[in-house]
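Peer 1: Structure supplied as coords.txt; contents: compact mmCIF, C-alpha atoms.
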```
# COMPACT_ATOMS: atom_id res chain seq x y z
CA MET A 183 -23.19 -42.16 -142.16
CA SER A 184 -21.48 -44.73 -144.33
CA LYS A 185 -21.42 -44.51 -148.08
CA LYS A 186 -22.94 -47.98 -148.22
CA ASP A 187 -26.31 -47.07 -146.67
CA ASN A 188 -26.42 -43.86 -148.79
CA GLY A 189 -27.98 -41.86 -145.95
CA ALA A 190 -30.72 -44.39 -145.19
CA SER A 191 -29.89 -44.52 -141.48
CA LEU A 192 -30.13 -40.72 -141.16
CA ILE A 193 -33.37 -40.60 -143.12
CA LEU A 194 -34.81 -43.40 -140.96
CA ALA A 195 -33.83 -41.56 -137.79
CA TYR A 196 -35.31 -38.34 -139.17
CA LEU A 197 -38.66 -39.94 -140.02
CA ASN A 198 -38.84 -41.68 -136.63
CA GLU A 199 -38.01 -38.44 -134.82
CA LYS A 200 -40.54 -36.30 -136.69
CA ASN A 201 -43.16 -39.09 -136.91
CA ARG A 202 -45.14 -37.40 -139.64
CA PRO A 203 -45.66 -38.10 -143.35
CA TYR A 204 -43.16 -36.75 -145.88
CA SER A 205 -42.60 -37.07 -149.58
CA ALA A 206 -39.11 -37.80 -150.87
CA GLN A 207 -38.96 -34.17 -152.05
CA ASP A 208 -39.77 -32.94 -148.52
CA VAL A 209 -37.02 -35.06 -146.97
CA PHE A 210 -34.54 -33.93 -149.64
CA CYS A 211 -35.32 -30.25 -148.99
CA ASN A 212 -35.13 -30.67 -145.20
CA LEU A 213 -31.86 -32.64 -145.10
CA GLN A 214 -29.98 -31.53 -148.22
CA LYS A 215 -28.47 -28.37 -146.76
CA GLN A 216 -27.21 -30.02 -143.57
CA HIS A 217 -26.07 -33.37 -144.97
CA GLY A 218 -25.56 -32.66 -148.68
CA PHE A 219 -27.88 -35.40 -149.91
CA GLY A 220 -28.69 -35.67 -153.59
CA LYS A 221 -32.33 -36.04 -154.56
CA THR A 222 -31.78 -39.34 -156.37
CA ALA A 223 -29.96 -40.77 -153.34
CA VAL A 224 -32.82 -39.72 -151.05
CA VAL A 225 -35.44 -41.33 -153.30
CA LYS A 226 -33.48 -44.59 -153.51
CA ALA A 227 -32.81 -44.66 -149.77
CA MET A 228 -36.49 -44.15 -148.93
CA GLU A 229 -37.61 -46.78 -151.42
CA LEU A 230 -35.09 -49.20 -149.87
CA LEU A 231 -36.30 -48.44 -146.34
CA ALA A 232 -39.89 -49.04 -147.42
CA LEU A 233 -38.92 -52.28 -149.16
CA GLU A 234 -37.17 -53.48 -145.99
CA GLY A 235 -40.25 -52.59 -143.94
CA LYS A 236 -38.44 -50.04 -141.82
CA ILE A 237 -40.81 -47.28 -142.93
CA LYS A 238 -44.26 -47.25 -144.49
CA GLU A 239 -45.33 -45.78 -147.81
CA LYS A 240 -48.66 -44.84 -149.33
CA MET A 241 -49.71 -43.46 -152.70
CA TYR A 242 -51.66 -40.21 -152.78
CA GLY A 243 -52.53 -39.66 -156.40
CA LYS A 244 -49.23 -39.83 -158.24
CA GLN A 245 -47.11 -39.03 -155.19
CA LYS A 246 -45.61 -41.43 -152.66
CA ILE A 247 -45.80 -40.49 -149.00
CA TYR A 248 -43.44 -42.05 -146.46
CA PHE A 249 -43.81 -42.18 -142.68
CA ALA A 250 -42.40 -44.01 -139.66
CA ASP A 251 -43.63 -47.51 -138.82
CA GLN A 252 -46.17 -46.85 -136.09
CA ALA A 253 -45.80 -50.38 -134.68
CA GLN A 254 -42.52 -49.34 -133.04
CA PHE A 255 -44.21 -46.72 -130.89
CA LYS A 256 -46.03 -47.47 -127.65
CA ASP A 257 -49.78 -46.97 -127.52
CA VAL A 258 -50.72 -43.63 -126.03
CA SER A 259 -53.61 -43.51 -123.57
CA ASP A 260 -56.27 -40.82 -123.46
CA ALA A 261 -54.69 -39.48 -120.28
CA ASP A 262 -51.32 -39.21 -121.98
CA LEU A 263 -52.91 -37.44 -124.95
CA LYS A 264 -54.66 -35.02 -122.62
CA ALA A 265 -51.39 -34.34 -120.80
CA MET A 266 -49.67 -33.75 -124.13
CA ASP A 267 -52.42 -31.34 -125.17
CA GLY A 268 -51.94 -29.44 -121.92
CA GLN A 269 -48.19 -29.33 -122.48
CA ILE A 270 -48.69 -28.11 -126.05
CA SER A 271 -51.04 -25.37 -124.86
CA ALA A 272 -48.57 -24.27 -122.19
CA LEU A 273 -45.69 -24.25 -124.65
CA SER A 274 -47.78 -22.34 -127.21
CA ALA A 275 -48.60 -19.68 -124.61
CA GLU A 276 -44.92 -19.48 -123.69
CA VAL A 277 -43.94 -19.12 -127.35
CA GLN A 278 -46.51 -16.35 -127.81
CA SER A 279 -45.23 -14.54 -124.71
CA LEU A 280 -41.61 -14.87 -125.83
CA THR A 281 -42.54 -13.67 -129.32
CA GLN A 282 -44.15 -10.55 -127.89
CA SER A 283 -41.12 -9.97 -125.65
CA CYS A 284 -38.81 -10.33 -128.66
CA ARG A 285 -40.87 -7.82 -130.63
CA GLN A 286 -40.72 -5.35 -127.75
CA LEU A 287 -36.99 -5.86 -127.34
CA ASP A 288 -36.53 -5.40 -131.09
CA ALA A 289 -38.51 -2.14 -130.96
CA ASP A 290 -36.44 -0.95 -127.98
CA LEU A 291 -33.24 -1.83 -129.83
CA LYS A 292 -34.31 0.10 -132.93
CA GLU A 293 -35.16 3.12 -130.75
CA LEU A 294 -31.79 2.94 -129.02
CA ASN A 295 -29.95 2.59 -132.33
CA SER A 296 -31.71 5.69 -133.66
CA SER A 297 -30.86 7.71 -130.53
CA LEU A 298 -27.71 9.75 -130.08
CA THR A 299 -24.82 8.25 -128.18
CA THR A 300 -23.42 10.02 -125.11
CA GLU A 301 -20.50 11.29 -127.17
CA GLU A 302 -22.80 12.54 -129.95
CA MET A 303 -25.08 14.29 -127.43
CA SER A 304 -22.08 15.97 -125.78
CA ALA A 305 -20.84 17.20 -129.15
CA GLU A 306 -24.31 18.51 -130.11
CA ILE A 307 -24.69 20.28 -126.74
CA LYS A 308 -21.30 21.93 -127.29
CA GLU A 309 -22.34 23.12 -130.77
CA LEU A 310 -25.65 24.46 -129.42
CA LYS A 311 -23.86 26.36 -126.67
CA VAL A 312 -21.58 28.00 -129.25
CA GLU A 313 -24.61 28.86 -131.40
CA CYS A 314 -26.50 30.29 -128.40
CA ALA A 315 -23.48 32.38 -127.45
CA GLY A 316 -23.44 33.85 -130.96
CA TYR A 317 -27.14 34.71 -130.79
CA ARG A 318 -26.69 36.23 -127.33
CA ALA A 319 -23.84 38.41 -128.60
CA ARG A 320 -25.95 39.62 -131.52
CA LEU A 321 -28.86 40.36 -129.19
CA ASP A 322 -26.64 42.34 -126.82
CA LYS A 323 -25.26 44.29 -129.77
CA ILE A 324 -28.77 45.13 -130.96
CA LYS A 325 -29.88 46.17 -127.48
CA SER A 326 -26.85 48.41 -127.02
CA ALA A 327 -27.31 50.17 -130.38
CA THR A 328 -28.48 53.80 -130.30
CA ASN A 329 -30.00 53.93 -133.78
CA HIS A 330 -33.19 51.98 -133.08
CA VAL A 331 -36.16 52.71 -135.35
CA THR A 332 -39.07 54.20 -133.42
CA PRO A 333 -42.64 52.96 -134.02
CA GLN A 334 -43.44 56.34 -135.60
CA GLU A 335 -40.53 56.08 -138.02
CA LYS A 336 -41.53 52.52 -138.89
CA GLU A 337 -45.12 53.59 -139.57
CA LYS A 338 -43.90 56.45 -141.80
CA VAL A 339 -41.75 54.04 -143.83
CA TYR A 340 -44.76 51.77 -144.44
CA LYS A 341 -46.94 54.74 -145.45
CA ASP A 342 -44.28 56.05 -147.83
CA ARG A 343 -43.99 52.60 -149.34
CA ASP A 344 -47.75 52.47 -149.99
CA VAL A 345 -47.58 55.87 -151.70
CA TYR A 346 -44.69 54.82 -153.93
CA VAL A 347 -46.32 51.52 -154.84
CA LYS A 348 -49.58 53.26 -155.81
CA GLU A 349 -47.66 55.77 -157.91
CA TRP A 350 -45.70 52.94 -159.54
CA LYS A 351 -48.92 51.15 -160.50
CA LYS A 352 -50.47 54.38 -161.75
CA ARG A 353 -47.53 55.25 -163.99
CA LYS A 354 -47.28 51.69 -165.25
CA ARG A 355 -50.95 51.76 -166.23
CA LEU A 356 -50.61 55.20 -167.94
CA ALA A 357 -47.53 54.06 -169.85
CA SER A 358 -49.27 50.87 -170.93
CA ASP A 359 -52.30 52.82 -172.16
CA MET A 360 -50.07 55.22 -174.14
CA ILE A 361 -48.12 52.38 -175.72
CA ASP A 362 -51.32 50.53 -176.66
CA ALA A 363 -52.67 53.72 -178.29
CA ILE A 364 -49.46 54.20 -180.31
CA LEU A 365 -49.40 50.55 -181.38
CA GLU A 366 -52.79 50.94 -183.04
CA GLY A 367 -51.06 52.84 -185.84
CA TYR A 368 -47.60 51.33 -185.54
CA PRO A 369 -46.73 48.87 -188.32
CA LYS A 370 -44.44 46.66 -186.28
CA SER A 371 -44.74 44.57 -183.10
CA LYS A 372 -44.86 45.89 -179.55
CA LYS A 373 -41.37 44.55 -178.88
CA ALA A 374 -40.00 46.29 -181.94
CA PHE A 375 -41.56 49.59 -180.79
CA LEU A 376 -40.17 49.30 -177.28
CA ASP A 377 -36.69 48.52 -178.67
CA GLU A 378 -36.92 51.47 -181.06
CA VAL A 379 -37.83 54.04 -178.39
CA GLY A 380 -35.57 52.44 -175.75
CA VAL A 381 -38.24 51.56 -173.19
CA GLU A 382 -37.46 48.88 -170.59
CA THR A 383 -40.42 47.23 -168.94
CA ASP A 384 -40.61 45.81 -165.42
CA GLU A 385 -40.54 42.37 -167.00
CA ASP A 386 -37.30 43.19 -168.84
CA CYS A 387 -35.72 44.14 -165.52
CA LYS A 388 -37.25 41.09 -163.82
CA VAL A 389 -39.09 43.10 -161.20
CA VAL A 390 -42.65 42.77 -159.96
CA VAL A 391 -44.85 45.51 -158.56
CA PRO A 392 -45.18 44.82 -154.79
CA GLY A 393 -48.59 44.19 -153.29
CA SER A 394 -50.27 47.04 -151.48
```
As structure tokens, what does this structure read like?
Peer 2:
Amino acid sequence: MSKKDNGASLILAYLNEKNRPYSAQDVFCNLQKQHGFGKTAVVKAMELLALEGKIKEKMYGKQKIYFADQAQFKDVSDADLKAMDGQISALSAEVQSLTQSCRQLDADLKELNSSLTTEEMSAEIKELKVECAGYRARLDKIKSATNHVTPQEKEKVYKDRDVYVKEWKKRKRLASDMIDAILEGYPKSKKAFLDEVGVETDEDCKVVVPGS
């Protein structure tokens, strides 16, 4: 491209290649990144091309639309158009098939990227073997112990626990009733009374009565 034609030759070639209508803004956006055209230069070049009759222009409202001179192209027969339609359909089907293949390949790639590598799997297997060996040693130690708790002893522990929990609840309720009775004639707050007599509640010790 020479500086003299200010990109006109490239713009002319572009319009002839695409053979579709464009505004000056469209051509600027499509060619600016690749060729570094300025918008003013594009507008002037397209106006010059139209003035020289190398391209055609039409007004649509307030906007000018430019397109290739159709006289330069050969007439297309109905048979040629039909063949082109068939080619377009075939290419569209191929594009759709390739798009689906790309999506599948992309999904497969994401799955592979999220999977462990051979080295990572080997390291994890090694760690799991060490962990299993530790569990097996603990299990063997438990099996070899002589102080196992019999089912009878276990049942007795649970029964004793139930007795102690019931007694705990009973004494807690009795103590609460006694304190409430005393507080009826006590001039200060419940907290002041408990501090005075040195009583610590379950709440003070942050303990909760277990369920039965």
Peer 1: In Å, rounded to a single decimal, give me how far atom CA of A:Leu231 is from atom CA of A:Lys244.
Peer 2: 19.6 Å
Peer 1: Quick one, how far is atom CA of A:Val209 from atom CA of A:Ala223?
Peer 2: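 Computed distance, atom CA of A:Val209 to atom CA of A:Ala223, equals 11.1 Å.
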Peer 1: Give me, as a list in words, all polymer residues having an atom no more than 10 Å from stretch 238-243 of chain A, counting all atoms listed in the file and skipping those fewer than 3 positions away in the same chain.
Peer 2: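 Close residues of stretch 238-243 of chain A: Pro203, Tyr204, Ser205, Met228, Glu229, Leu231, Ala232, Leu233, Glu234, Gly235, Lys246, Ile247, Tyr248, Phe249, Ala250, Asp251 and Gln252 of chain A.
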Peer 1: Export C-alpha atoms of the chosen residues as a compact mmCIF listing (two decimals), in the frame of the given file?
Peer 2:
```txt
# COMPACT_ATOMS: atom_id res chain seq x y z
CA PRO A 203 -45.66 -38.10 -143.35
CA TYR A 204 -43.16 -36.75 -145.88
CA SER A 205 -42.60 -37.07 -149.58
CA MET A 228 -36.49 -44.15 -148.93
CA GLU A 229 -37.61 -46.78 -151.42
CA LEU A 231 -36.30 -48.44 -146.34
CA ALA A 232 -39.89 -49.04 -147.42
CA LEU A 233 -38.92 -52.28 -149.16
CA GLU A 234 -37.17 -53.48 -145.99
CA GLY A 235 -40.25 -52.59 -143.94
CA LYS A 246 -45.61 -41.43 -152.66
CA ILE A 247 -45.80 -40.49 -149.00
CA TYR A 248 -43.44 -42.05 -146.46
CA PHE A 249 -43.81 -42.18 -142.68
CA ALA A 250 -42.40 -44.01 -139.66
CA ASP A 251 -43.63 -47.51 -138.82
CA GLN A 252 -46.17 -46.85 -136.09
```
Peer 1: Rank nothing, just name the residue among A:Val391, A:Ala227, A:Leu287, A:Cys211 nearest to A:Ile193, using all atoms listed in the file.
Peer 2: A:Ala227
Peer 1: Distance atom CA of A:Tyr346-atom CA of A:Glu382, one decimal place?
Peer 2: 19.1 Å
Peer 1: Do a neighbour search on A:Pro392 at 12 Å with all atoms listed in the file, toss out local chain neighbours closer than 6 positions, and write the hits as a ChimeraX atom specification.
Peer 2: /A:343-351,384
Peer 1: Report, as AutoDock Vina command-line options, the axis-aligned box around all atoms of stretch 188-196 of chain A present in the file, extended by 4 Å on each side; give centre and edge lengths in Å to one decimal place.
Peer 2:
```
--center_x -30.9 --center_y -41.4 --center_z -143.3 --size_x 16.9 --size_y 14.2 --size_z 19.0
```
Peer 1: List every protein, DNA or RNA residue that has an atom no more than 12 Å from (-40.6, 51.2, -176.9) in the file's coordinate frame, counting all atoms listed in the file, and report them as number ranges by chain.
Peer 2: A: 357-358, 360-362, 364-365, 368, 370-383, 386
Peer 1: When you get a chance, write out N, CA and C atoms for stretch 245-271 of chain A, as an mmCIF file, in the coordinates of the input.
Peer 2:
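Once written, result37.cif looks like this:
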```cif
data_model
loop_
_atom_site.group_PDB
_atom_site.id
_atom_site.type_symbol
_atom_site.label_atom_id
_atom_site.label_comp_id
_atom_site.auth_asym_id
_atom_site.auth_seq_id
_atom_site.Cartn_x
_atom_site.Cartn_y
_atom_site.Cartn_z
ATOM 1 N N GLN A 245 -48.229 -39.298 -156.088
ATOM 2 C CA GLN A 245 -47.110 -39.030 -155.190
ATOM 3 C C GLN A 245 -47.049 -40.070 -154.076
ATOM 4 N N LYS A 246 -45.829 -40.511 -153.762
ATOM 5 C CA LYS A 246 -45.610 -41.430 -152.660
ATOM 6 C C LYS A 246 -45.343 -40.638 -151.381
ATOM 7 N N ILE A 247 -46.010 -41.096 -150.300
ATOM 8 C CA ILE A 247 -45.800 -40.490 -149.000
ATOM 9 C C ILE A 247 -45.192 -41.532 -148.076
ATOM 10 N N TYR A 248 -44.145 -41.141 -147.361
ATOM 11 C CA TYR A 248 -43.440 -42.050 -146.460
ATOM 12 C C TYR A 248 -43.621 -41.570 -145.020
ATOM 13 N N PHE A 249 -43.683 -42.533 -144.089
ATOM 14 C CA PHE A 249 -43.810 -42.180 -142.680
ATOM 15 C C PHE A 249 -43.263 -43.329 -141.833
ATOM 16 N N ALA A 250 -42.985 -43.014 -140.569
ATOM 17 C CA ALA A 250 -42.400 -44.010 -139.660
ATOM 18 C C ALA A 250 -43.375 -45.153 -139.411
ATOM 19 N N ASP A 251 -42.816 -46.346 -139.167
ATOM 20 C CA ASP A 251 -43.630 -47.510 -138.820
ATOM 21 C C ASP A 251 -44.215 -47.300 -137.433
ATOM 22 N N GLN A 252 -45.533 -47.168 -137.355
ATOM 23 C CA GLN A 252 -46.170 -46.850 -136.090
ATOM 24 C C GLN A 252 -46.131 -48.003 -135.092
ATOM 25 N N ALA A 253 -45.825 -49.221 -135.579
ATOM 26 C CA ALA A 253 -45.800 -50.380 -134.680
ATOM 27 C C ALA A 253 -44.675 -50.271 -133.660
ATOM 28 N N GLN A 254 -43.666 -49.459 -133.955
ATOM 29 C CA GLN A 254 -42.520 -49.340 -133.040
ATOM 30 C C GLN A 254 -42.811 -48.432 -131.855
ATOM 31 N N PHE A 255 -43.884 -47.662 -131.960
ATOM 32 C CA PHE A 255 -44.210 -46.720 -130.890
ATOM 33 C C PHE A 255 -45.220 -47.331 -129.926
ATOM 34 N N LYS A 256 -45.091 -46.993 -128.665
ATOM 35 C CA LYS A 256 -46.030 -47.470 -127.650
ATOM 36 C C LYS A 256 -47.398 -46.820 -127.858
ATOM 37 N N ASP A 257 -48.432 -47.538 -127.465
ATOM 38 C CA ASP A 257 -49.780 -46.970 -127.520
ATOM 39 C C ASP A 257 -49.882 -45.833 -126.508
ATOM 40 N N VAL A 258 -50.564 -44.791 -126.895
ATOM 41 C CA VAL A 258 -50.720 -43.630 -126.030
ATOM 42 C C VAL A 258 -52.154 -43.608 -125.496
ATOM 43 N N SER A 259 -52.288 -43.516 -124.198
ATOM 44 C CA SER A 259 -53.610 -43.510 -123.570
ATOM 45 C C SER A 259 -54.254 -42.135 -123.701
ATOM 46 N N ASP A 260 -55.552 -42.096 -123.415
ATOM 47 C CA ASP A 260 -56.270 -40.820 -123.460
ATOM 48 C C ASP A 260 -55.695 -39.839 -122.451
ATOM 49 N N ALA A 261 -55.275 -40.356 -121.307
ATOM 50 C CA ALA A 261 -54.690 -39.480 -120.280
ATOM 51 C C ALA A 261 -53.378 -38.875 -120.761
ATOM 52 N N ASP A 262 -52.587 -39.724 -121.451
ATOM 53 C CA ASP A 262 -51.320 -39.210 -121.980
ATOM 54 C C ASP A 262 -51.569 -38.151 -123.053
ATOM 55 N N LEU A 263 -52.570 -38.418 -123.904
ATOM 56 C CA LEU A 263 -52.910 -37.440 -124.950
ATOM 57 C C LEU A 263 -53.370 -36.125 -124.337
ATOM 58 N N LYS A 264 -54.182 -36.228 -123.282
ATOM 59 C CA LYS A 264 -54.660 -35.020 -122.620
ATOM 60 C C LYS A 264 -53.506 -34.241 -122.001
ATOM 61 N N ALA A 265 -52.563 -35.000 -121.388
ATOM 62 C CA ALA A 265 -51.390 -34.340 -120.800
ATOM 63 C C ALA A 265 -50.547 -33.666 -121.870
ATOM 64 N N MET A 266 -50.415 -34.352 -123.020
ATOM 65 C CA MET A 266 -49.670 -33.750 -124.130
ATOM 66 C C MET A 266 -50.343 -32.482 -124.628
ATOM 67 N N ASP A 267 -51.674 -32.534 -124.731
ATOM 68 C CA ASP A 267 -52.420 -31.340 -125.170
ATOM 69 C C ASP A 267 -52.186 -30.181 -124.208
ATOM 70 N N GLY A 268 -52.192 -30.500 -122.909
ATOM 71 C CA GLY A 268 -51.940 -29.440 -121.920
ATOM 72 C C GLY A 268 -50.539 -28.874 -122.050
ATOM 73 N N GLN A 269 -49.578 -29.782 -122.298
ATOM 74 C CA GLN A 269 -48.190 -29.330 -122.480
ATOM 75 C C GLN A 269 -48.046 -28.470 -123.724
ATOM 76 N N ILE A 270 -48.740 -28.887 -124.800
ATOM 77 C CA ILE A 270 -48.690 -28.110 -126.050
ATOM 78 C C ILE A 270 -49.281 -26.721 -125.839
ATOM 79 N N SER A 271 -50.400 -26.667 -125.123
ATOM 80 C CA SER A 271 -51.040 -25.370 -124.860
ATOM 81 C C SER A 271 -50.123 -24.466 -124.048
#
```
